[in-house]
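Enquirer: Take a look at the following structure, please.
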Amino acid sequence: MSDTIITRFPPSPTGYLHVGGARTALFNWLYARKTGGKFILRIEDTDIQRSTQESVNAIFEGLNWLGIDWDAGPFYQTQRFDVYKTYLNQLVNDKKAYYCTCSPETVEAMREKARAEGRNPMYDGSCRHKNLAPQDGAVVRLCTPDTGSTRIDDIIKGPIAIPNTEIDDFILRRSDGVYTYNFAVVIDDLTMDVTHVIRGDDHVSNTPKQILIYEALGAKVPKFGHVPMVLGPDRTRLSKRHGAMGVMEYQKMGFLPEALLNYLVRLGWSYGDQEFFTIEDMKRLFSLESIGRSPGVFDMEKLTALNAEHIQKSTQERLRPLFLEQMQALCIPHDPQDPRLNAIITLLQPRSKTLVDMAQQAESFFVAPSAYCEVASKKNFKAESLDVLKKIREKLTKTEDTSEAAMEALLHSVCEEMGLKLGKVGGPLRVALTGKGFSPGMGEMLALLGKERTLPRLDAAIAHLEAKG
Ligand code: GLU
């Protein structure tokens with residue numbers, strides 16, 4: 001066997017790809033990319049009741065959006081029962097596993113008895129030496145050692161040892177013929193030559209059982225690393241009640257996938273005190289050794305700040321299609337061929353926290369305000385504003401040069417002639433042009449709107465102020 005590193009992401013398709021799962025996928029993907037290894041996608045769909053095709057599609061959609069690509073798969077566990085059967089038979093033939101016909105009630109009584117005696121509730125091994133023949137309706141259990149302990153050399157948590165007395169002869173195949181998670185996952189990881197199993201630490205209790213299966217098969221045990229959970233701001237496990245969970249919700253909210261990946265990689269991994277990482281940085285710098293032992297707390301504000309930084313540092317080529325996608329999603333009228341697009345994006349880049357924010361700010365470049373914000377107009381439409389707007393209009397009609405510098409000079413001359421501070425001129429102009437109290441600088445706005453869009457907006461505001469009296 002070569003020493004290629006092989007990692008995997010094996011989601012259960014029982015919902016969308018959530019941020020915790022995305023982080024696990026990311027760590028495995030980065031480790032494979034960093035080491036020139038392979039990253040496998042496997043769909044763990046043995047829970048037939050809860051698995052759906054919609055969820056499978058949602059997982060693909062989430063991974064695609066994030067740009068997490070895989071080198072092999074997707075493999076589906078439900079299509080691999082033949083492989084599981086071969087290994088199960090091997091274990092039964094080697095007397096490492098056995099058929100058990102104890103009814104669920106009998107097993108529950110055993111567990112109850114153990115509980116009453118202050119022991120861990122466990123199956124007591126009744127059928128272990130009965131040598132029962134293979135039969136439908138019986139479960140198959142692993143013969144686990146009664147003494148000693150099972151050791152995990154966890155890459156992240158360090159060594160963990162579990163006394164074997166705490167592990168009962170657990171089920172490999174249920175009475176309905178469906179293989180259990182612990183068995184299927186081991187056979188998959190084994191037959192797919194997985195070298196590193198990096199997953200959430202909610203699985204740490206399964207690992208000793210999985211190690212015992214490898215040992216029973218005489219197979220090489222992969223390396224395990226259990227990543228601490230992602231917590232919500234209240235420090236309980238991140239869940240739906242904390243708000244957005246599915247990664248595609250972050251797309252809708254206007255996050256860049258690279259910003260979400262940057263945020264997720266830092267939620268558990270560090271590289272000195274560096275916070276900003278491009279995907280290339282992550283692929284180059286990621287290491288399993290620098291995954292921390294304490295859980296990460298999901299912080300929307302930090303994610304948003306990081307998103308703003310990614311937007312700011314993005315290229316036109318990157319942002320333009322994403323920006324247009326948001327404009328469309330938000331039904332903001334615009335012309336995707338508008339020659340001003342690059343200039344609008346450049347102007348809004350340092351001012352946008354999200355692409356939604358950018359799209360909303362961009363609206364003013366395409367459509368005249370349909371109303372004036374009450375707060376903004378109260379603050380900016382003053383007694384002298386009507387004359388200010390008229391003056392701007394008059395000067396603008398006479399100007400040919402509508403460059404930013406020329407527009408700034410025009411506004412300064414209005415201030416001078418009327419003896420007003422810039423705020424008294426720019427304020428009402430902003431409301432007239434955008435309907436809002438916030439926007440980029442007026443020189444930049446005027447230059448991008450041009451006379452043909454500015455003049456009708458000034459007329460509308462003048463009419464509005466005249467009507468108000
Ligand atoms: N299907 C399991 C899950 O989604 C995978 C656990 C593992 O990585 O082994 O939690």
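Ordering of the structure tokens sets the chain letters (A, B, ...); residue numbers start at 1 within each chain; ligands are numbered from 1 in the order shown.
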Show me which residues are within 6 Å of ligand 1 counting only C-alpha atoms and all ligand atoms, and format the list as a list of chain:residue names.
Expert: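 Taking only C-alpha atoms and all ligand atoms into account, the residues around ligand 1 at most 6 Å away are A:Pro10, A:Pro11, A:Ser12, A:Glu44, A:Arg199.
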Enquirer: For the residues selected in the previous step, produce a file with N, CA and C atoms as an mmCIF file, in the first residue's frame.
Expert:
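For reference, out.cif as written:
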data_model
loop_
_atom_site.group_PDB
_atom_site.id
_atom_site.type_symbol
_atom_site.label_atom_id
_atom_site.label_comp_id
_atom_site.auth_asym_id
_atom_site.auth_seq_id
_atom_site.Cartn_x
_atom_site.Cartn_y
_atom_site.Cartn_z
ATOM 1 N N PRO A 10 -18.127 11.503 5.393
ATOM 2 C CA PRO A 10 -19.243 10.581 5.195
ATOM 3 C C PRO A 10 -20.544 11.061 5.847
ATOM 4 N N PRO A 11 -21.187 12.097 5.289
ATOM 5 C CA PRO A 11 -22.399 12.595 5.942
ATOM 6 C C PRO A 11 -23.567 11.620 5.846
ATOM 7 N N SER A 12 -24.427 11.678 6.838
ATOM 8 C CA SER A 12 -25.699 10.946 6.773
ATOM 9 C C SER A 12 -26.700 11.901 6.139
ATOM 10 N N GLU A 44 -23.705 8.119 3.910
ATOM 11 C CA GLU A 44 -24.060 7.074 4.863
ATOM 12 C C GLU A 44 -25.579 7.018 5.026
ATOM 13 N N ARG A 199 -13.133 13.544 12.504
ATOM 14 C CA ARG A 199 -14.573 13.748 12.639
ATOM 15 C C ARG A 199 -14.871 14.415 13.972
#
Enquirer: Which polymer residues have any atom within 9 Å of an atom of segment 448-450 of chain A, counting only C-alpha atoms, with same-chain residues fewer than 6 positions away left out, as a PyMOL selection string?
Expert: chain A and resi 340+343-344+364-366+402-404+433
Enquirer: Kindly indicate which residue among A:Ser239, A:Ser287, A:Arg80, A:Thr147 lies nearest to Phe27 of chain A, using only C-alpha atoms for the distances.
Expert: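 Answer, going by the shortest atom-to-atom distance: A:Ser287.
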Enquirer: Find the spatial neighbours of Val19 of chain A, counting only C-alpha atoms, within a cut-off of 8 Å - ignore same-chain residues fewer than 6 positions away - and output them as a list in words.
Expert: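 Contacts, with the query itself left out: Met245, Gly246, Val247 and Leu264 of chain A.
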Enquirer: Pull C-alpha atoms from the residues just selected and write them as an mmCIF file, in the first residue's frame.
Expert:
data_model
loop_
_atom_site.group_PDB
_atom_site.id
_atom_site.type_symbol
_atom_site.label_atom_id
_atom_site.label_comp_id
_atom_site.auth_asym_id
_atom_site.auth_seq_id
_atom_site.Cartn_x
_atom_site.Cartn_y
_atom_site.Cartn_z
ATOM 1 C CA MET A 245 -27.417 26.089 10.165
ATOM 2 C CA GLY A 246 -27.419 25.050 6.516
ATOM 3 C CA VAL A 247 -24.471 26.434 4.560
ATOM 4 C CA LEU A 264 -14.787 27.641 9.808
#
Enquirer: Any idea what's packed within 12 Å of segment 150-158 of chain A, counting only C-alpha atoms, ignoring anything in its chain fewer than 5 positions away? Could you give it as a JSON list (two decimals) with N, CA and C atoms, in the first residue's frame?
Expert:
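Result file result_38.json:
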[["chain", "number", "residue", "atom", "x", "y", "z"],
["A", 144, "THR", "N", -16.32, -9.23, 21.78],
["A", 144, "THR", "CA", -15.34, -8.23, 22.22],
["A", 144, "THR", "C", -14.53, -8.77, 23.39],
["A", 145, "PRO", "N", -13.29, -8.30, 23.56],
["A", 145, "PRO", "CA", -12.46, -8.82, 24.66],
["A", 145, "PRO", "C", -13.05, -8.44, 26.03],
["A", 163, "PRO", "N", -11.51, 0.81, 29.10],
["A", 163, "PRO", "CA", -11.48, -0.58, 29.55],
["A", 163, "PRO", "C", -12.46, -1.41, 28.70],
["A", 164, "ASN", "N", -12.03, -2.56, 28.26],
["A", 164, "ASN", "CA", -12.89, -3.39, 27.41],
["A", 164, "ASN", "C", -14.12, -3.89, 28.15],
["A", 165, "THR", "N", -14.07, -3.89, 29.46],
["A", 165, "THR", "CA", -15.26, -4.32, 30.23],
["A", 165, "THR", "C", -16.42, -3.35, 29.99],
["A", 166, "GLU", "N", -16.12, -2.16, 29.49],
["A", 166, "GLU", "CA", -17.19, -1.19, 29.25],
["A", 166, "GLU", "C", -17.80, -1.32, 27.85],
["A", 167, "ILE", "N", -17.24, -2.24, 27.07],
["A", 167, "ILE", "CA", -17.75, -2.41, 25.69],
["A", 167, "ILE", "C", -18.42, -3.78, 25.60],
["A", 196, "HIS", "N", -6.77, 8.49, 7.56],
["A", 196, "HIS", "CA", -7.05, 9.43, 8.64],
["A", 196, "HIS", "C", -8.55, 9.65, 8.76],
["A", 197, "VAL", "N", -9.06, 9.40, 9.94],
["A", 197, "VAL", "CA", -10.49, 9.63, 10.20],
["A", 197, "VAL", "C", -10.58, 10.88, 11.08],
["A", 198, "ILE", "N", -10.99, 11.98, 10.47],
["A", 198, "ILE", "CA", -11.11, 13.24, 11.21],
["A", 198, "ILE", "C", -12.60, 13.53, 11.32],
["A", 199, "ARG", "N", -13.13, 13.54, 12.50],
["A", 199, "ARG", "CA", -14.57, 13.75, 12.64],
["A", 199, "ARG", "C", -14.87, 14.41, 13.97],
["A", 200, "GLY", "N", -16.15, 14.77, 14.15],
["A", 200, "GLY", "CA", -16.57, 15.46, 15.36],
["A", 200, "GLY", "C", -16.40, 14.58, 16.60],
["A", 201, "ASP", "N", -16.15, 15.20, 17.73],
["A", 201, "ASP", "CA", -15.89, 14.37, 18.92],
["A", 201, "ASP", "C", -17.16, 13.77, 19.51],
["A", 204, "VAL", "N", -16.52, 10.09, 19.43],
["A", 204, "VAL", "CA", -15.39, 9.50, 20.14],
["A", 204, "VAL", "C", -15.77, 8.20, 20.86],
["A", 205, "SER", "N", -17.03, 8.09, 21.28],
["A", 205, "SER", "CA", -17.43, 6.87, 21.98],
["A", 205, "SER", "C", -17.58, 5.68, 21.02],
["A", 206, "ASN", "N", -17.72, 5.97, 19.72],
["A", 206, "ASN", "CA", -17.80, 4.88, 18.75],
["A", 206, "ASN", "C", -16.43, 4.32, 18.39],
["A", 207, "THR", "N", -15.41, 5.13, 18.57],
["A", 207, "THR", "CA", -14.08, 4.77, 18.06],
["A", 207, "THR", "C", -13.53, 3.48, 18.66],
["A", 208, "PRO", "N", -13.60, 3.26, 19.99],
["A", 208, "PRO", "CA", -13.08, 1.99, 20.50],
["A", 208, "PRO", "C", -13.78, 0.79, 19.87],
["A", 209, "LYS", "N", -15.07, 0.90, 19.64],
["A", 209, "LYS", "CA", -15.80, -0.21, 19.01],
["A", 209, "LYS", "C", -15.26, -0.43, 17.60],
["A", 210, "GLN", "N", -15.02, 0.65, 16.90],
["A", 210, "GLN", "CA", -14.52, 0.53, 15.52],
["A", 210, "GLN", "C", -13.12, -0.08, 15.52],
["A", 211, "ILE", "N", -12.30, 0.33, 16.50],
["A", 211, "ILE", "CA", -10.95, -0.23, 16.59],
["A", 211, "ILE", "C", -11.03, -1.75, 16.84],
["A", 212, "LEU", "N", -11.97, -2.15, 17.67],
["A", 212, "LEU", "CA", -12.12, -3.60, 17.93],
["A", 212, "LEU", "C", -12.51, -4.37, 16.67],
["A", 213, "ILE", "N", -13.29, -3.73, 15.81],
["A", 213, "ILE", "CA", -13.64, -4.40, 14.55],
["A", 213, "ILE", "C", -12.40, -4.55, 13.66],
["A", 214, "TYR", "N", -11.61, -3.48, 13.54],
["A", 214, "TYR", "CA", -10.36, -3.58, 12.75],
["A", 214, "TYR", "C", -9.51, -4.71, 13.31],
["A", 215, "GLU", "N", -9.39, -4.74, 14.64],
["A", 215, "GLU", "CA", -8.52, -5.75, 15.25],
["A", 215, "GLU", "C", -9.05, -7.15, 14.99],
["A", 221, "VAL", "N", -5.34, -0.26, 11.73],
["A", 221, "VAL", "CA", -6.26, 0.76, 12.25],
["A", 221, "VAL", "C", -5.82, 2.13, 11.71],
["A", 222, "PRO", "N", -6.76, 2.92, 11.14],
["A", 222, "PRO", "CA", -6.35, 4.25, 10.66],
["A", 222, "PRO", "C", -6.05, 5.19, 11.85],
["A", 223, "LYS", "N", -5.56, 6.37, 11.54],
["A", 223, "LYS", "CA", -5.35, 7.35, 12.61],
["A", 223, "LYS", "C", -6.66, 8.10, 12.83],
["A", 224, "PHE", "N", -6.94, 8.39, 14.08],
["A", 224, "PHE", "CA", -8.18, 9.10, 14.41],
["A", 224, "PHE", "C", -7.88, 10.48, 14.98],
["A", 225, "GLY", "N", -8.73, 11.43, 14.63],
["A", 225, "GLY", "CA", -8.64, 12.75, 15.24],
["A", 225, "GLY", "C", -10.06, 13.23, 15.48],
["A", 226, "HIS", "N", -10.39, 13.53, 16.73],
["A", 226, "HIS", "CA", -11.76, 13.98, 17.04],
["A", 226, "HIS", "C", -11.75, 15.46, 17.32],
["A", 227, "VAL", "N", -12.49, 16.16, 16.48],
["A", 227, "VAL", "CA", -12.49, 17.62, 16.53],
["A", 227, "VAL", "C", -13.57, 18.10, 17.51],
["A", 228, "PRO", "N", -13.23, 19.03, 18.41],
["A", 228, "PRO", "CA", -14.25, 19.52, 19.34],
["A", 228, "PRO", "C", -15.43, 20.15, 18.58],
["A", 268, "GLY", "N", -11.41, 26.29, 15.41],
["A", 268, "GLY", "CA", -10.86, 24.98, 15.78],
["A", 268, "GLY", "C", -9.41, 24.81, 15.36],
["A", 269, "TRP", "N", -8.94, 25.64, 14.42],
["A", 269, "TRP", "CA", -7.56, 25.49, 13.95],
["A", 269, "TRP", "C", -6.90, 26.86, 13.98],
["A", 287, "SER", "N", -2.74, 22.10, 9.16],
["A", 287, "SER", "CA", -2.12, 20.90, 9.74],
["A", 287, "SER", "C", -3.04, 20.36, 10.83],
["A", 288, "LEU", "N", -3.04, 19.06, 10.98],
["A", 288, "LEU", "CA", -3.89, 18.45, 12.01],
["A", 288, "LEU", "C", -3.37, 18.78, 13.40],
["A", 289, "GLU", "N", -2.07, 18.94, 13.51],
["A", 289, "GLU", "CA", -1.46, 19.19, 14.83],
["A", 289, "GLU", "C", -1.93, 20.50, 15.43],
["A", 290, "SER", "N", -2.33, 21.45, 14.59],
["A", 290, "SER", "CA", -2.72, 22.75, 15.13],
["A", 290, "SER", "C", -4.23, 22.89, 15.32],
["A", 291, "ILE", "N", -4.93, 21.77, 15.33],
["A", 291, "ILE", "CA", -6.36, 21.82, 15.69],
["A", 291, "ILE", "C", -6.41, 21.85, 17.21],
["A", 292, "GLY", "N", -7.18, 22.79, 17.74],
["A", 292, "GLY", "CA", -7.21, 22.99, 19.19],
["A", 292, "GLY", "C", -8.09, 21.97, 19.90],
["A", 293, "ARG", "N", -7.96, 21.95, 21.20],
["A", 293, "ARG", "CA", -8.75, 20.98, 21.98],
["A", 293, "ARG", "C", -10.04, 21.56, 22.54],
["A", 294, "SER", "N", -10.18, 22.89, 22.45],
["A", 294, "SER", "CA", -11.42, 23.44, 23.02],
["A", 294, "SER", "C", -12.42, 23.74, 21.91],
["A", 295, "PRO", "N", -13.70, 23.66, 22.23],
["A", 295, "PRO", "CA", -14.73, 23.86, 21.20],
["A", 295, "PRO", "C", -14.73, 25.29, 20.68]]
Enquirer: Please provide the set of residues having any atom within 9 Å of Arg320 of chain A, restricted to only C-alpha atoms, with same-chain residues fewer than 5 positions apart removed, written as number ranges by chain.
Expert: A: 315, 325, 341-342, 345
Enquirer: So how far away is atom CA of Leu446 of chain A from atom CA of Leu411 of chain A, in Å?
Expert: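 It comes out at 10.2 Å.
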Enquirer: Would you mind listing what lies within 8 Å of Leu429 of chain A as a PyMOL selection string, with only C-alpha atoms counted and same-chain residues fewer than 6 positions away left out?
Expert: chain A and resi 389+442+458
Enquirer: So that I have them on file, write out the residues from the current selection with N, CA, C and O atoms, as a JSON list (two decimals), in the first residue's frame.
Expert:
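Result file part_36.json:
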[["chain", "number", "residue", "atom", "x", "y", "z"],
["A", 389, "LEU", "N", -30.76, 72.30, -3.80],
["A", 389, "LEU", "CA", -30.98, 71.35, -4.89],
["A", 389, "LEU", "C", -31.15, 72.07, -6.22],
["A", 389, "LEU", "O", -30.66, 71.62, -7.26],
["A", 442, "MET", "N", -20.73, 61.95, -2.36],
["A", 442, "MET", "CA", -21.58, 62.53, -3.40],
["A", 442, "MET", "C", -20.86, 62.74, -4.73],
["A", 442, "MET", "O", -21.46, 62.60, -5.80],
["A", 458, "LEU", "N", -33.23, 65.00, -9.13],
["A", 458, "LEU", "CA", -33.26, 66.33, -8.51],
["A", 458, "LEU", "C", -34.63, 66.96, -8.72],
["A", 458, "LEU", "O", -35.21, 67.53, -7.80]]
Enquirer: From the list A:Leu267, A:Leu260, A:Val178, A:Cys331, which residue is nearest Leu306 of chain A when using only C-alpha atoms?
Expert: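 Using only C-alpha atoms, Leu306 of chain A sits closest to A:Leu260.
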Enquirer: Would you mind listing what lies within 10 Å of Asp401 of chain A as a CSV table (one decimal) with all heavy atoms, in the first residue's frame, with only C-alpha atoms counted and same-chain residues fewer than 3 positions away left out?
Expert:
chain,number,residue,atom,x,y,z
A,396,LEU,N,-25.3,71.8,-12.7
A,396,LEU,CA,-25.1,70.5,-13.4
A,396,LEU,C,-25.5,70.6,-14.9
A,396,LEU,O,-24.9,70.0,-15.8
A,396,LEU,CB,-25.9,69.4,-12.7
A,396,LEU,CG,-25.6,68.0,-13.0
A,396,LEU,CD1,-24.2,67.6,-12.7
A,396,LEU,CD2,-26.5,67.0,-12.3
A,398,LYS,N,-25.3,72.9,-16.8
A,398,LYS,CA,-24.3,73.7,-17.5
A,398,LYS,C,-22.9,72.9,-17.7
A,398,LYS,O,-22.0,73.4,-18.3
A,398,LYS,CB,-24.0,75.0,-16.9
A,398,LYS,CG,-25.2,76.0,-16.9
A,398,LYS,CD,-24.8,77.3,-16.3
A,398,LYS,CE,-26.0,78.2,-16.1
A,398,LYS,NZ,-25.9,78.9,-14.9
A,404,GLU,N,-15.6,62.5,-11.3
A,404,GLU,CA,-15.7,62.7,-9.8
A,404,GLU,C,-15.1,64.0,-9.3
A,404,GLU,O,-15.8,64.7,-8.5
A,404,GLU,CB,-15.0,61.5,-9.1
A,404,GLU,CG,-15.2,61.4,-7.7
A,404,GLU,CD,-14.4,60.3,-7.0
A,404,GLU,OE1,-14.2,59.3,-7.7
A,404,GLU,OE2,-14.0,60.5,-5.9
A,405,ALA,N,-14.0,64.3,-9.9
A,405,ALA,CA,-13.3,65.6,-9.5
A,405,ALA,C,-14.2,66.8,-9.8
A,405,ALA,O,-14.3,67.7,-9.0
A,405,ALA,CB,-11.9,65.7,-10.1
A,406,ALA,N,-14.7,66.8,-11.0
A,406,ALA,CA,-15.6,67.9,-11.5
A,406,ALA,C,-16.8,68.0,-10.6
A,406,ALA,O,-17.2,69.1,-10.2
A,406,ALA,CB,-15.9,67.7,-12.9
A,407,MET,N,-17.4,66.8,-10.2
A,407,MET,CA,-18.6,66.9,-9.4
A,407,MET,C,-18.3,67.4,-8.0
A,407,MET,O,-19.1,68.1,-7.4
A,407,MET,CB,-19.2,65.4,-9.3
A,407,MET,CG,-19.8,64.9,-10.6
A,407,MET,SD,-21.1,66.0,-11.2
A,407,MET,CE,-20.4,67.0,-12.4
A,447,ALA,N,-20.8,61.1,-10.2
A,447,ALA,CA,-20.0,60.7,-11.4
A,447,ALA,C,-20.6,59.4,-12.0
A,447,ALA,O,-20.7,59.2,-13.2
A,447,ALA,CB,-18.6,60.5,-11.0
A,450,GLY,N,-24.3,60.1,-13.5
A,450,GLY,CA,-24.3,60.9,-14.7
A,450,GLY,C,-25.5,61.9,-14.7
A,450,GLY,O,-26.4,61.7,-13.9
A,451,LYS,N,-25.5,62.8,-15.6
A,451,LYS,CA,-26.6,63.8,-15.7
A,451,LYS,C,-27.9,63.1,-15.9
A,451,LYS,O,-28.9,63.6,-15.4
A,451,LYS,CB,-26.2,64.8,-16.8
A,451,LYS,CG,-25.3,65.9,-16.2
A,451,LYS,CD,-24.6,66.6,-17.3
A,451,LYS,CE,-25.5,67.6,-18.1
A,451,LYS,NZ,-24.6,68.5,-18.9
Enquirer: Give me, please, the distance in Å between atom CA of Ser103 of chain A and atom CA of Asp188 of chain A, quoted to one decimal.
Expert: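 Rounded to one decimal, the two atoms are 28.9 Å apart.
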Enquirer: Using only C-alpha atoms, can you tell me which of A:Ala22, A:Ala97, A:Val83, A:Val388 comes closest to Phe60 of chain A?
Expert: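 Nearest candidate to Phe60 of chain A out of A:Ala22, A:Ala97, A:Val83, A:Val388: A:Ala22.
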Enquirer: Hey, what does DSSP flag as helix (DSSP H, G or I) within segment 77-203 of chain A? Can you give it to me as a PyMOL selection string?
Expert: chain A and resi 77-79+81-93+104-116+164-166+181-191+201-203
Enquirer: Between atom CA of Asp168 of chain A and atom CA of Tyr123 of chain A, what distance in Å does the model show, to one decimal?
Expert: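 A separation of 5.8 Å between them.
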